[in-house]
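Enquirer: Structure incoming, see below.
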Amino acid sequence: MVLSVPGNFAGTVSGETSLTFSWDPVEGASQYYAALTNAYDETSVGDPVFVTESSVTFEGLEKGFSYVCRVRAIGGMEYSEFLVSDAVYLPDPEYESFKMPASEDEHGLTLAFPGAEGGGMHVTGGRGGAVIHVTNTNDSGEGSLREALNTSGSRTVVFDVAGRIDLQSELRISEGNLTIAGQTAPGQGICISGYPVAVDADNVIIRFLRFRLGDVNAASAAVTDTLASVYGHYRDGIIIDHCSMSWGLDGCASFYANTDFTMQWCMVYEALNNPVSSAGAGLHGMGGIWGGKNASFHHNLLAHNGNGSPRLDCPDMYGDHLSTHRGNVDIRNNVIYNWGSNSMYGGEDGSFNVIDNYFKPGPASEEAAWFVDAWWYSPEYSSGTDYPDIHVSGNWHSGNYASAINSDNSQGVVWRDQSQYGENPSHSLQTEPFKILADDATACYMTAHSAEDAFTAVTGYAGASLVRDNADTRVASEAMNANSSASGSNGSTGGLIDSQTDAGGWQEYSATSDELTAVTDTDGDGMPDAFETEYSLDPSNASDASSMTLDNHGRYTNLEMYLHWLVRDIVSAQGVNGTYTEL
């Protein structure tokens, strides 16, 4: 006969490194076969055991993993079917203190960093390379950010100081395999001002920095997207996370014609609407131009921009890179507040997902009862032949005049009549979202929210939010409360500004003596002595930064775990009510 399957099978934690599984005795059974596997990778843990009692204890287990037990009853030549337990987690307080995203542990993915999502989530940046300390806020020279960025080879840039880096010329990132860890700065962190920052390299990670261009050096500058606060085109493998971009002369954050790209959890606001100190003065106020191939723009706050929130790119912007660097773009879970003359528009000949974004008109907003103003031709670039292919779903518009498009998002795409340039082409919406695949092959994910939940998460955690400065705090509050406090000095109103001085200008960024002491790093490995001591590393041994002793799953170096530890509370909290979703 076949024996009955053991009933009431359950596992419990019975010690710091042990689990006990128990079940009801089976009539006719003389012993039980039990085997343990690691639920994370399904590998066997030790050898199977035979016991005569209706329980078994496995000892000497590695903490921080979940385990599954398989058991069957045996009686002579008879035996039962296997019974498989639910996974039982053996706690590891040290690992749990890092608050690693559970979804990533379940998938077993090694990402750019814990919390990296979208098309750029798989880039490696400076992993395993040198550590370079920024020790001053000078424009150039020894210890400067410029010197660190001009260094070749894989490297992670950390900051020993807080303050404003007032550039004397454009700062161009031309050497890739780079991680810029702005969250390492003590006190109130880092702000970069004066000239644009250009991302002109592959495999780059930028986190927790502020880019606030301003108008003081632009008296003779021509207004192009190279006068954005930060921008990048024609590159591969970039992720920009929790940065704040504002006060650009013609754009705050323009990223298009890049492949495997993500801009996530950033604040993009107060592009100078009618700057008086630019040779091309006139109405600009562009939040940014967005596009690319396998490119993701998610959980960003765009606010107080006269137009281009965002401007979707067009073919002529790509030059010789059109066939290699233009493809699917995913725009999801962004908050677009207080646009001026237009919000999201353009997209000639492109392919875009516009999903679960929150549109909120403000004091400067013209009534725009749409989510996308789709163009087939750009008169500025003399470019385009077809309307964009668009998938639109889940978006929310809080304007009373636009309530109809919330229940039927298909009505939220306006196909602009441009018959003055030729016959308007045909158009239709895509029923399914376009796929985002890194290298056109590797699945990409993000923690997706409803539009309403995205509004709460983005206003709470976007930007350089480890320590929000005055400008970020003000703008997030204004987006939440549907108001504005700044007025332009050259005619702009309703929260649109013409100079950074209209919004109070640059604040001072500083660190206390205690905050400076806290980042003391004797061995220069990027991890402060206090952190190394707390986690049983050696403050005098720089080699432990590249070891992987802190990540139970062997994905991230100890240095990368420290970089995550600094912002773990933000990464954990911002995902509440979200669902890890394949793009």
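Going through the structure tokens in order, the chains are called A, B, and so on, while each chain numbers its residues from 1 and the ligands are numbered from 1 in the order shown.
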Taking the backbone alone, and naming residues the way the document does, which bits of range 317-483 of chain A are helix (DSSP H, G or I) by DSSP, as a PDB file with N, CA and C atoms, in the first residue's frame?

Expert:
ATOM      1  N   MET A 317      16.835  64.933 -34.016  1.00  0.00           N
ATOM      2  CA  MET A 317      17.723  65.077 -32.866  1.00  0.00           C
ATOM      3  C   MET A 317      18.789  63.979 -32.818  1.00  0.00           C
ATOM      4  N   TYR A 318      18.599  62.908 -33.588  1.00  0.00           N
ATOM      5  CA  TYR A 318      19.464  61.737 -33.483  1.00  0.00           C
ATOM      6  C   TYR A 318      20.658  61.765 -34.425  1.00  0.00           C
ATOM      7  N   GLY A 319      20.592  62.578 -35.468  1.00  0.00           N
ATOM      8  CA  GLY A 319      21.696  62.601 -36.412  1.00  0.00           C
ATOM      9  C   GLY A 319      21.974  61.221 -36.970  1.00  0.00           C
ATOM     10  N   ASP A 320      23.234  60.784 -36.884  1.00  0.00           N
ATOM     11  CA  ASP A 320      23.638  59.481 -37.415  1.00  0.00           C
ATOM     12  C   ASP A 320      23.272  58.324 -36.495  1.00  0.00           C
ATOM     13  N   HIS A 321      22.641  58.600 -35.360  1.00  0.00           N
ATOM     14  CA  HIS A 321      22.358  57.558 -34.374  1.00  0.00           C
ATOM     15  C   HIS A 321      20.910  57.079 -34.416  1.00  0.00           C
ATOM     16  N   LEU A 322      20.157  57.479 -35.415  1.00  0.00           N
ATOM     17  CA  LEU A 322      18.728  57.173 -35.427  1.00  0.00           C
ATOM     18  C   LEU A 322      18.465  55.673 -35.431  1.00  0.00           C
ATOM     19  N   SER A 323      19.196  54.904 -36.209  1.00  0.00           N
ATOM     20  CA  SER A 323      18.926  53.469 -36.328  1.00  0.00           C
ATOM     21  C   SER A 323      19.384  52.683 -35.111  1.00  0.00           C
ATOM     22  N   THR A 324      20.320  53.213 -34.347  1.00  0.00           N
ATOM     23  CA  THR A 324      20.875  52.472 -33.210  1.00  0.00           C
ATOM     24  C   THR A 324      20.380  52.949 -31.854  1.00  0.00           C
ATOM     25  N   HIS A 325      19.920  54.198 -31.767  1.00  0.00           N
ATOM     26  CA  HIS A 325      19.636  54.776 -30.460  1.00  0.00           C
ATOM     27  C   HIS A 325      18.199  55.264 -30.293  1.00  0.00           C
ATOM     28  N   ASN A 400     -10.540  69.701 -13.359  1.00  0.00           N
ATOM     29  CA  ASN A 400     -11.968  69.419 -13.518  1.00  0.00           C
ATOM     30  C   ASN A 400     -12.382  69.380 -14.981  1.00  0.00           C
ATOM     31  N   TYR A 401     -11.741  70.184 -15.794  1.00  0.00           N
ATOM     32  CA  TYR A 401     -12.096  70.264 -17.208  1.00  0.00           C
ATOM     33  C   TYR A 401     -11.664  69.032 -17.993  1.00  0.00           C
ATOM     34  N   ALA A 402     -10.893  68.149 -17.376  1.00  0.00           N
ATOM     35  CA  ALA A 402     -10.336  67.002 -18.090  1.00  0.00           C
ATOM     36  C   ALA A 402     -10.814  65.672 -17.529  1.00  0.00           C
ATOM     37  N   SER A 403     -11.891  65.676 -16.745  1.00  0.00           N
ATOM     38  CA  SER A 403     -12.318  64.452 -16.069  1.00  0.00           C
ATOM     39  C   SER A 403     -12.648  63.327 -17.045  1.00  0.00           C
ATOM     40  N   ALA A 404     -13.090  63.650 -18.244  1.00  0.00           N
ATOM     41  CA  ALA A 404     -13.489  62.613 -19.198  1.00  0.00           C
ATOM     42  C   ALA A 404     -12.323  61.726 -19.606  1.00  0.00           C
ATOM     43  N   ILE A 405     -11.115  62.266 -19.649  1.00  0.00           N
ATOM     44  CA  ILE A 405      -9.987  61.463 -20.120  1.00  0.00           C
ATOM     45  C   ILE A 405      -9.474  60.510 -19.048  1.00  0.00           C
ATOM     46  N   ASN A 406      -9.889  60.698 -17.793  1.00  0.00           N
ATOM     47  CA  ASN A 406      -9.471  59.765 -16.753  1.00  0.00           C
ATOM     48  C   ASN A 406     -10.164  58.419 -16.912  1.00  0.00           C
ATOM     49  N   SER A 407     -11.442  58.430 -17.254  1.00  0.00           N
ATOM     50  CA  SER A 407     -12.180  57.182 -17.439  1.00  0.00           C
ATOM     51  C   SER A 407     -11.884  56.540 -18.783  1.00  0.00           C
ATOM     52  N   ASN A 409      -8.632  56.823 -21.118  1.00  0.00           N
ATOM     53  CA  ASN A 409      -7.330  57.412 -21.439  1.00  0.00           C
ATOM     54  C   ASN A 409      -7.104  57.591 -22.935  1.00  0.00           C
ATOM     55  N   SER A 410      -7.812  56.820 -23.743  1.00  0.00           N
ATOM     56  CA  SER A 410      -7.619  56.959 -25.189  1.00  0.00           C
ATOM     57  C   SER A 410      -8.021  58.340 -25.681  1.00  0.00           C
ATOM     58  N   GLN A 411      -8.893  59.006 -24.905  1.00  0.00           N
ATOM     59  CA  GLN A 411      -9.292  60.366 -25.264  1.00  0.00           C
ATOM     60  C   GLN A 411      -8.263  61.395 -24.806  1.00  0.00           C
ATOM     61  N   GLY A 412      -7.231  60.927 -24.109  1.00  0.00           N
ATOM     62  CA  GLY A 412      -6.217  61.823 -23.580  1.00  0.00           C
ATOM     63  C   GLY A 412      -5.011  61.998 -24.476  1.00  0.00           C
ATOM     64  N   SER A 419      -1.676  70.241 -40.615  1.00  0.00           N
ATOM     65  CA  SER A 419      -1.906  70.179 -42.060  1.00  0.00           C
ATOM     66  C   SER A 419      -1.229  71.317 -42.812  1.00  0.00           C
ATOM     67  N   GLN A 420      -0.771  72.341 -42.105  1.00  0.00           N
ATOM     68  CA  GLN A 420      -0.041  73.411 -42.785  1.00  0.00           C
ATOM     69  C   GLN A 420       1.307  72.919 -43.315  1.00  0.00           C
ATOM     70  N   TYR A 421       1.784  71.748 -42.807  1.00  0.00           N
ATOM     71  CA  TYR A 421       3.056  71.190 -43.253  1.00  0.00           C
ATOM     72  C   TYR A 421       2.866  70.025 -44.220  1.00  0.00           C
ATOM     73  N   ALA A 451      -1.427  55.905 -10.510  1.00  0.00           N
ATOM     74  CA  ALA A 451      -1.084  57.325 -10.637  1.00  0.00           C
ATOM     75  C   ALA A 451      -1.231  58.040  -9.306  1.00  0.00           C
ATOM     76  N   GLU A 452      -2.298  57.722  -8.561  1.00  0.00           N
ATOM     77  CA  GLU A 452      -2.531  58.393  -7.279  1.00  0.00           C
ATOM     78  C   GLU A 452      -1.454  58.032  -6.264  1.00  0.00           C
ATOM     79  N   ASP A 453      -1.077  56.756  -6.189  1.00  0.00           N
ATOM     80  CA  ASP A 453      -0.016  56.361  -5.260  1.00  0.00           C
ATOM     81  C   ASP A 453       1.333  56.922  -5.700  1.00  0.00           C
ATOM     82  N   ALA A 454       1.540  57.033  -7.009  1.00  0.00           N
ATOM     83  CA  ALA A 454       2.783  57.632  -7.502  1.00  0.00           C
ATOM     84  C   ALA A 454       2.893  59.080  -7.055  1.00  0.00           C
ATOM     85  N   PHE A 455       1.782  59.801  -7.062  1.00  0.00           N
ATOM     86  CA  PHE A 455       1.811  61.200  -6.623  1.00  0.00           C
ATOM     87  C   PHE A 455       2.324  61.292  -5.185  1.00  0.00           C
ATOM     88  N   THR A 456       1.828  60.428  -4.314  1.00  0.00           N
ATOM     89  CA  THR A 456       2.254  60.437  -2.913  1.00  0.00           C
ATOM     90  C   THR A 456       3.726  60.075  -2.785  1.00  0.00           C
ATOM     91  N   ALA A 457       4.150  59.025  -3.496  1.00  0.00           N
ATOM     92  CA  ALA A 457       5.530  58.569  -3.385  1.00  0.00           C
ATOM     93  C   ALA A 457       6.511  59.581  -3.965  1.00  0.00           C
ATOM     94  N   VAL A 458       6.182  60.135  -5.114  1.00  0.00           N
ATOM     95  CA  VAL A 458       7.102  61.053  -5.785  1.00  0.00           C
ATOM     96  C   VAL A 458       7.256  62.352  -5.004  1.00  0.00           C
ATOM     97  N   THR A 459       6.153  62.926  -4.548  1.00  0.00           N
ATOM     98  CA  THR A 459       6.272  64.169  -3.778  1.00  0.00           C
ATOM     99  C   THR A 459       6.969  63.927  -2.446  1.00  0.00           C
ATOM    100  N   GLY A 460       6.938  62.697  -1.962  1.00  0.00           N
ATOM    101  CA  GLY A 460       7.585  62.393  -0.688  1.00  0.00           C
ATOM    102  C   GLY A 460       9.060  62.065  -0.786  1.00  0.00           C
ATOM    103  N   TYR A 461       9.500  61.464  -1.918  1.00  0.00           N
ATOM    104  CA  TYR A 461      10.847  60.902  -1.935  1.00  0.00           C
ATOM    105  C   TYR A 461      11.701  61.268  -3.148  1.00  0.00           C
ATOM    106  N   SER A 465      16.844  63.504  -1.950  1.00  0.00           N
ATOM    107  CA  SER A 465      15.976  63.531  -0.774  1.00  0.00           C
ATOM    108  C   SER A 465      16.613  62.978   0.488  1.00  0.00           C
ATOM    109  N   LEU A 466      17.881  62.582   0.440  1.00  0.00           N
ATOM    110  CA  LEU A 466      18.528  62.196   1.694  1.00  0.00           C
ATOM    111  C   LEU A 466      18.491  63.375   2.652  1.00  0.00           C
ATOM    112  N   VAL A 467      18.781  64.565   2.134  1.00  0.00           N
ATOM    113  CA  VAL A 467      18.543  65.826   2.844  1.00  0.00           C
ATOM    114  C   VAL A 467      17.979  66.796   1.811  1.00  0.00           C
ATOM    115  N   ASN A 470      16.265  73.656   0.470  1.00  0.00           N
ATOM    116  CA  ASN A 470      15.128  74.579   0.517  1.00  0.00           C
ATOM    117  C   ASN A 470      14.296  74.529  -0.754  1.00  0.00           C
ATOM    118  N   ALA A 471      14.962  74.479  -1.905  1.00  0.00           N
ATOM    119  CA  ALA A 471      14.235  74.509  -3.172  1.00  0.00           C
ATOM    120  C   ALA A 471      13.403  73.250  -3.361  1.00  0.00           C
ATOM    121  N   ASP A 472      13.988  72.080  -3.117  1.00  0.00           N
ATOM    122  CA  ASP A 472      13.231  70.833  -3.264  1.00  0.00           C
ATOM    123  C   ASP A 472      12.059  70.775  -2.298  1.00  0.00           C
ATOM    124  N   THR A 473      12.297  71.189  -1.063  1.00  0.00           N
ATOM    125  CA  THR A 473      11.226  71.174  -0.062  1.00  0.00           C
ATOM    126  C   THR A 473      10.075  72.068  -0.497  1.00  0.00           C
ATOM    127  N   ARG A 474      10.415  73.247  -0.990  1.00  0.00           N
ATOM    128  CA  ARG A 474       9.380  74.188  -1.427  1.00  0.00           C
ATOM    129  C   ARG A 474       8.581  73.639  -2.599  1.00  0.00           C
ATOM    130  N   VAL A 475       9.258  73.136  -3.616  1.00  0.00           N
ATOM    131  CA  VAL A 475       8.570  72.695  -4.828  1.00  0.00           C
ATOM    132  C   VAL A 475       7.719  71.459  -4.558  1.00  0.00           C
ATOM    133  N   ALA A 476       8.212  70.529  -3.758  1.00  0.00           N
ATOM    134  CA  ALA A 476       7.399  69.359  -3.421  1.00  0.00           C
ATOM    135  C   ALA A 476       6.136  69.781  -2.691  1.00  0.00           C
ATOM    136  N   SER A 477       6.271  70.737  -1.774  1.00  0.00           N
ATOM    137  CA  SER A 477       5.105  71.237  -1.044  1.00  0.00           C
ATOM    138  C   SER A 477       4.122  71.919  -1.982  1.00  0.00           C
ATOM    139  N   GLU A 478       4.629  72.691  -2.927  1.00  0.00           N
ATOM    140  CA  GLU A 478       3.743  73.387  -3.864  1.00  0.00           C
ATOM    141  C   GLU A 478       3.000  72.406  -4.761  1.00  0.00           C
ATOM    142  N   ALA A 479       3.670  71.330  -5.156  1.00  0.00           N
ATOM    143  CA  ALA A 479       2.987  70.313  -5.957  1.00  0.00           C
ATOM    144  C   ALA A 479       1.884  69.639  -5.152  1.00  0.00           C
ATOM    145  N   MET A 480       2.146  69.389  -3.888  1.00  0.00           N
ATOM    146  CA  MET A 480       1.127  68.760  -3.045  1.00  0.00           C
ATOM    147  C   MET A 480      -0.058  69.685  -2.808  1.00  0.00           C
ATOM    148  N   ASN A 481       0.214  70.965  -2.646  1.00  0.00           N
ATOM    149  CA  ASN A 481      -0.831  71.914  -2.244  1.00  0.00           C
ATOM    150  C   ASN A 481      -1.381  72.755  -3.390  1.00  0.00           C
TER     151      ASN A 481
END

Enquirer: Write out as a PDB file with C-alpha atoms, in the first residue's frame the residues lying within 8 Å of range 121-130 of chain A, counting only C-alpha atoms and excluding same-chain residues fewer than 6 positions away.

Expert:
ATOM      1  CA  THR A 110      22.392  42.013  -9.523  1.00  0.00           C
ATOM      2  CA  LEU A 111      21.484  45.554 -10.470  1.00  0.00           C
ATOM      3  CA  ALA A 112      23.250  48.880 -10.820  1.00  0.00           C
ATOM      4  CA  PHE A 113      22.354  49.279  -7.129  1.00  0.00           C
ATOM      5  CA  GLY A 153      39.088  53.312 -15.453  1.00  0.00           C
ATOM      6  CA  SER A 154      36.322  51.873 -13.310  1.00  0.00           C
ATOM      7  CA  ARG A 155      35.819  54.077 -10.282  1.00  0.00           C
ATOM      8  CA  THR A 156      33.384  55.162  -7.610  1.00  0.00           C
ATOM      9  CA  GLY A 176      32.688  55.850 -18.353  1.00  0.00           C
ATOM     10  CA  ASN A 177      32.531  52.872 -15.966  1.00  0.00           C
ATOM     11  CA  LEU A 178      31.659  55.390 -13.291  1.00  0.00           C
ATOM     12  CA  THR A 179      29.540  55.646 -10.164  1.00  0.00           C
ATOM     13  CA  ASN A 203      28.074  52.806 -18.174  1.00  0.00           C
ATOM     14  CA  VAL A 204      27.436  55.653 -15.739  1.00  0.00           C
ATOM     15  CA  ILE A 205      25.541  55.783 -12.432  1.00  0.00           C
ATOM     16  CA  GLY A 237      23.967  52.365 -20.192  1.00  0.00           C
ATOM     17  CA  ILE A 238      23.137  55.289 -17.895  1.00  0.00           C
ATOM     18  CA  ILE A 239      21.020  55.499 -14.748  1.00  0.00           C
ATOM     19  CA  PHE A 261      18.752  54.394 -19.892  1.00  0.00           C
ATOM     20  CA  THR A 262      16.864  55.274 -16.702  1.00  0.00           C
ATOM     21  CA  ALA A 438      18.226  46.018 -21.954  1.00  0.00           C
ATOM     22  CA  CYS A 444      13.751  45.116 -17.063  1.00  0.00           C
ATOM     23  CA  SER A 546      35.463  44.919  -3.023  1.00  0.00           C
ATOM     24  CA  THR A 557      30.387  44.577  -2.998  1.00  0.00           C
ATOM     25  CA  GLU A 560      27.934  49.081  -2.779  1.00  0.00           C
TER      26      GLU A 560
END

Enquirer: Write out as a ChimeraX atom specification which residues come within 12 Å of range 511-515 of chain A when counting only C-alpha atoms, dropping same-chain ones fewer than 6 positions away.

Expert: /A:159-164,184-190,467,528,530

Enquirer: Do a neighbour search on Asp349 in chain A at 9 Å with only C-alpha atoms, toss out local chain neighbours closer than 3 positions, and write the hits as a list of chain:residue names.

Expert: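 Residues meeting the cut-off are A:Cys314, A:Pro315, A:Trp375, A:Trp376, A:Tyr377, A:Gly384, A:Thr385, A:Asp386, A:Tyr387, A:Pro388, A:Asp389.
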
Enquirer: Let me see the file: selected residues, C-alpha atoms, as a compact mmCIF listing (two decimals), in the first residue's frame.

Expert:
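Saved as part.txt:
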# COMPACT_ATOMS: atom_id res chain seq x y z
CA CYS A 314 11.95 63.73 -32.77
CA PRO A 315 14.09 62.02 -35.45
CA TRP A 375 2.94 65.73 -33.27
CA TRP A 376 3.93 64.23 -36.59
CA TYR A 377 6.15 67.12 -37.67
CA GLY A 384 9.06 63.90 -38.75
CA THR A 385 6.64 62.08 -41.05
CA ASP A 386 4.30 60.17 -38.71
CA TYR A 387 2.51 60.57 -35.43
CA PRO A 388 4.14 58.63 -32.59
CA ASP A 389 3.02 55.13 -31.70

Enquirer: Take CA of Thr12 in chain A and CA of Val71 in chain A and report the distance between them in Å, one decimal.

Expert: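 Atom-to-atom, CA of Thr12 in chain A and CA of Val71 in chain A are spaced 15.2 Å apart.
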
Enquirer: Excluding same-chain residues fewer than 3 positions from Phe9 in chain A, what lies within 7 Å of it counting only C-alpha atoms, as a PyMOL selection string?

Expert: chain A and resi 6+22-23+85

Enquirer: Please identify all polymer residues within 9 Å of Trp506 in chain A, counting only C-alpha atoms, omitting same-chain residues fewer than 3 positions from it, and present them as a list in words.

Expert: Arg164, Cys191, Ser193, Arg212, Gly214, Ala471, Gln500, Thr501, Ala503 and Tyr509 of chain A

Enquirer: Restrict the selected residues to C-alpha atoms and save them as a PDB file, in the first residue's frame.

Expert:
ATOM      1  CA  ARG A 164      28.219  74.086  -3.874  1.00  0.00           C
ATOM      2  CA  CYS A 191      24.988  71.189  -5.484  1.00  0.00           C
ATOM      3  CA  SER A 193      25.930  75.245 -10.484  1.00  0.00           C
ATOM      4  CA  ARG A 212      21.145  73.948 -10.556  1.00  0.00           C
ATOM      5  CA  GLY A 214      21.368  79.393 -13.171  1.00  0.00           C
ATOM      6  CA  ALA A 471      14.235  74.509  -3.172  1.00  0.00           C
ATOM      7  CA  GLN A 500      17.218  81.641 -10.040  1.00  0.00           C
ATOM      8  CA  THR A 501      17.110  84.769  -7.886  1.00  0.00           C
ATOM      9  CA  ALA A 503      13.193  81.655  -6.243  1.00  0.00           C
ATOM     10  CA  TYR A 509      25.371  73.758   1.730  1.00  0.00           C
TER      11      TYR A 509
END

Enquirer: Go through A:Asp373, A:Glu534, A:Asp440, A:Glu16 and flag the residue nearest Val413 in chain A, using only C-alpha atoms for the distances.

Expert: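 That would be A:Asp373, the residue with the smallest distance to Val413 in chain A.
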
Enquirer: If I take CA of Met100 in chain A and CA of Arg568 in chain A, how far is one from the other in Å, to one decimal?

Expert: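 So the answer is 7.4 Å.
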
Enquirer: For Met245 in chain A, find every residue with an atom within 12 Å (counting only C-alpha atoms), except residues of its own chain fewer than 5 positions away, and show them as a CSV table (one decimal) with N, CA and C atoms, in the first residue's frame.

Expert:
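Result went into around.csv, see below:
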chain,number,residue,atom,x,y,z
A,191,CYS,N,25.7,70.5,-4.4
A,191,CYS,CA,25.0,71.2,-5.5
A,191,CYS,C,26.0,71.6,-6.5
A,192,ILE,N,25.7,71.4,-7.8
A,192,ILE,CA,26.6,71.8,-8.9
A,192,ILE,C,25.9,73.0,-9.7
A,193,SER,N,26.6,74.1,-9.9
A,193,SER,CA,25.9,75.2,-10.5
A,193,SER,C,26.9,75.9,-11.5
A,196,PRO,N,26.6,73.8,-17.4
A,196,PRO,CA,26.0,72.5,-17.5
A,196,PRO,C,26.9,71.4,-17.2
A,197,VAL,N,26.3,70.2,-16.9
A,197,VAL,CA,27.0,68.9,-16.8
A,197,VAL,C,26.5,68.0,-17.9
A,208,PHE,N,21.9,61.1,-6.2
A,208,PHE,CA,21.7,62.1,-5.1
A,208,PHE,C,22.6,63.3,-5.2
A,209,LEU,N,22.5,63.9,-6.4
A,209,LEU,CA,23.2,65.2,-6.7
A,209,LEU,C,22.2,66.2,-7.1
A,210,ARG,N,22.5,67.5,-6.9
A,210,ARG,CA,21.7,68.6,-7.4
A,210,ARG,C,22.4,69.3,-8.5
A,211,PHE,N,21.7,69.6,-9.6
A,211,PHE,CA,22.2,70.3,-10.7
A,211,PHE,C,21.4,71.6,-10.9
A,212,ARG,N,21.9,72.7,-10.5
A,212,ARG,CA,21.1,73.9,-10.6
A,212,ARG,C,22.0,75.0,-11.4
A,213,LEU,N,21.7,75.0,-12.7
A,213,LEU,CA,22.6,75.8,-13.6
A,213,LEU,C,22.6,77.3,-13.2
A,214,GLY,N,21.4,78.0,-13.4
A,214,GLY,CA,21.4,79.4,-13.2
A,214,GLY,C,21.9,80.2,-14.4
A,228,ALA,N,21.0,73.0,-20.8
A,228,ALA,CA,20.3,72.3,-19.8
A,228,ALA,C,21.2,72.2,-18.5
A,229,SER,N,20.6,72.0,-17.4
A,229,SER,CA,21.4,71.9,-16.2
A,229,SER,C,22.2,70.6,-16.3
A,230,VAL,N,21.6,69.5,-16.8
A,230,VAL,CA,22.4,68.3,-17.0
A,230,VAL,C,21.7,67.6,-18.2
A,231,TYR,N,22.6,67.0,-19.1
A,231,TYR,CA,22.1,66.4,-20.3
A,231,TYR,C,23.0,65.3,-20.8
A,240,ILE,N,20.3,57.5,-13.7
A,240,ILE,CA,20.3,58.8,-12.9
A,240,ILE,C,19.2,58.6,-11.9
A,251,GLY,N,16.1,74.1,-20.6
A,251,GLY,CA,15.9,72.7,-20.2
A,251,GLY,C,16.7,72.4,-18.9
A,252,CYS,N,16.1,71.6,-18.1
A,252,CYS,CA,16.7,71.2,-16.8
A,252,CYS,C,17.4,69.8,-16.9
A,253,ALA,N,16.7,68.9,-17.6
A,253,ALA,CA,17.3,67.5,-17.8
A,253,ALA,C,16.9,67.0,-19.1
A,254,SER,N,17.7,67.0,-20.1
A,254,SER,CA,17.4,66.6,-21.4
A,254,SER,C,18.3,65.3,-21.7
A,263,MET,N,16.1,57.4,-15.9
A,263,MET,CA,16.0,58.6,-15.0
A,263,MET,C,14.9,58.3,-14.1
A,265,TRP,N,13.1,58.9,-10.0
A,265,TRP,CA,13.0,59.5,-8.7
A,265,TRP,C,13.8,60.9,-8.7
A,266,CYS,N,13.7,61.6,-9.8
A,266,CYS,CA,14.3,62.9,-9.9
A,266,CYS,C,13.3,64.1,-9.8
A,267,MET,N,13.8,65.2,-9.5
A,267,MET,CA,12.9,66.5,-9.5
A,267,MET,C,13.5,67.4,-10.6
A,268,VAL,N,12.6,67.8,-11.5
A,268,VAL,CA,13.0,68.6,-12.7
A,268,VAL,C,12.0,69.8,-12.7
A,269,TYR,N,12.6,71.0,-12.4
A,269,TYR,CA,11.6,72.1,-12.2
A,269,TYR,C,12.3,73.5,-12.4
A,270,GLU,N,11.4,74.4,-12.6
A,270,GLU,CA,11.8,75.8,-12.7
A,270,GLU,C,12.8,76.1,-13.7
A,271,ALA,N,12.7,75.5,-14.9
A,271,ALA,CA,13.5,76.0,-16.1
A,271,ALA,C,13.2,77.5,-16.2
A,272,LEU,N,14.3,78.2,-16.5
A,272,LEU,CA,14.1,79.7,-16.5
A,272,LEU,C,13.3,80.0,-17.8
A,286,MET,N,11.9,75.0,-20.8
A,286,MET,CA,11.8,73.6,-21.2
A,286,MET,C,12.2,72.8,-20.0
A,287,GLY,N,11.3,71.9,-19.5
A,287,GLY,CA,11.7,70.9,-18.5
A,287,GLY,C,12.8,70.0,-19.0
A,288,GLY,N,12.5,69.4,-20.2
A,288,GLY,CA,13.5,68.5,-20.8
A,288,GLY,C,13.0,67.9,-22.0
A,300,ASN,N,9.4,60.6,-11.5
A,300,ASN,CA,10.0,61.9,-11.5
A,300,ASN,C,9.0,63.0,-11.3
A,301,LEU,N,9.3,64.1,-10.7
A,301,LEU,CA,8.5,65.3,-10.5
A,301,LEU,C,8.9,66.4,-11.4
A,302,LEU,N,8.0,66.8,-12.3
A,302,LEU,CA,8.3,67.9,-13.2
A,302,LEU,C,7.3,69.0,-12.8
A,303,ALA,N,7.9,70.2,-12.5
A,303,ALA,CA,7.0,71.2,-11.9
A,303,ALA,C,7.5,72.6,-12.4
A,305,ASN,N,7.5,74.3,-15.1
A,305,ASN,CA,8.2,74.5,-16.3
A,305,ASN,C,7.2,75.0,-17.4
A,462,ALA,N,11.2,61.9,-4.2
A,462,ALA,CA,12.0,62.3,-5.3
A,462,ALA,C,13.0,63.3,-5.0
A,463,GLY,N,14.0,63.4,-5.9
A,463,GLY,CA,15.0,64.4,-5.8
A,463,GLY,C,16.1,63.9,-4.9
A,464,ALA,N,17.1,64.8,-4.6
A,464,ALA,CA,18.2,64.5,-3.7
A,464,ALA,C,17.6,64.5,-2.3
A,471,ALA,N,15.0,74.5,-1.9
A,471,ALA,CA,14.2,74.5,-3.2
A,471,ALA,C,13.4,73.2,-3.4
A,472,ASP,N,14.0,72.1,-3.1
A,472,ASP,CA,13.2,70.8,-3.3
A,472,ASP,C,12.1,70.8,-2.3
A,475,VAL,N,9.3,73.1,-3.6
A,475,VAL,CA,8.6,72.7,-4.8
A,475,VAL,C,7.7,71.5,-4.6

Enquirer: Counting only C-alpha atoms, which residue out of A:Asn558, A:Ser382, A:Asn273, A:Asn150 sits closest to Ala545 in chain A?

Expert: A:Asn558

Enquirer: Could you work out how far CA of Tyr195 in chain A lies from CA of Leu171 in chain A, giving the answer in Å with one decimal?

Expert: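 Separation of CA of Leu171 in chain A and CA of Tyr195 in chain A: 7.2 Å.
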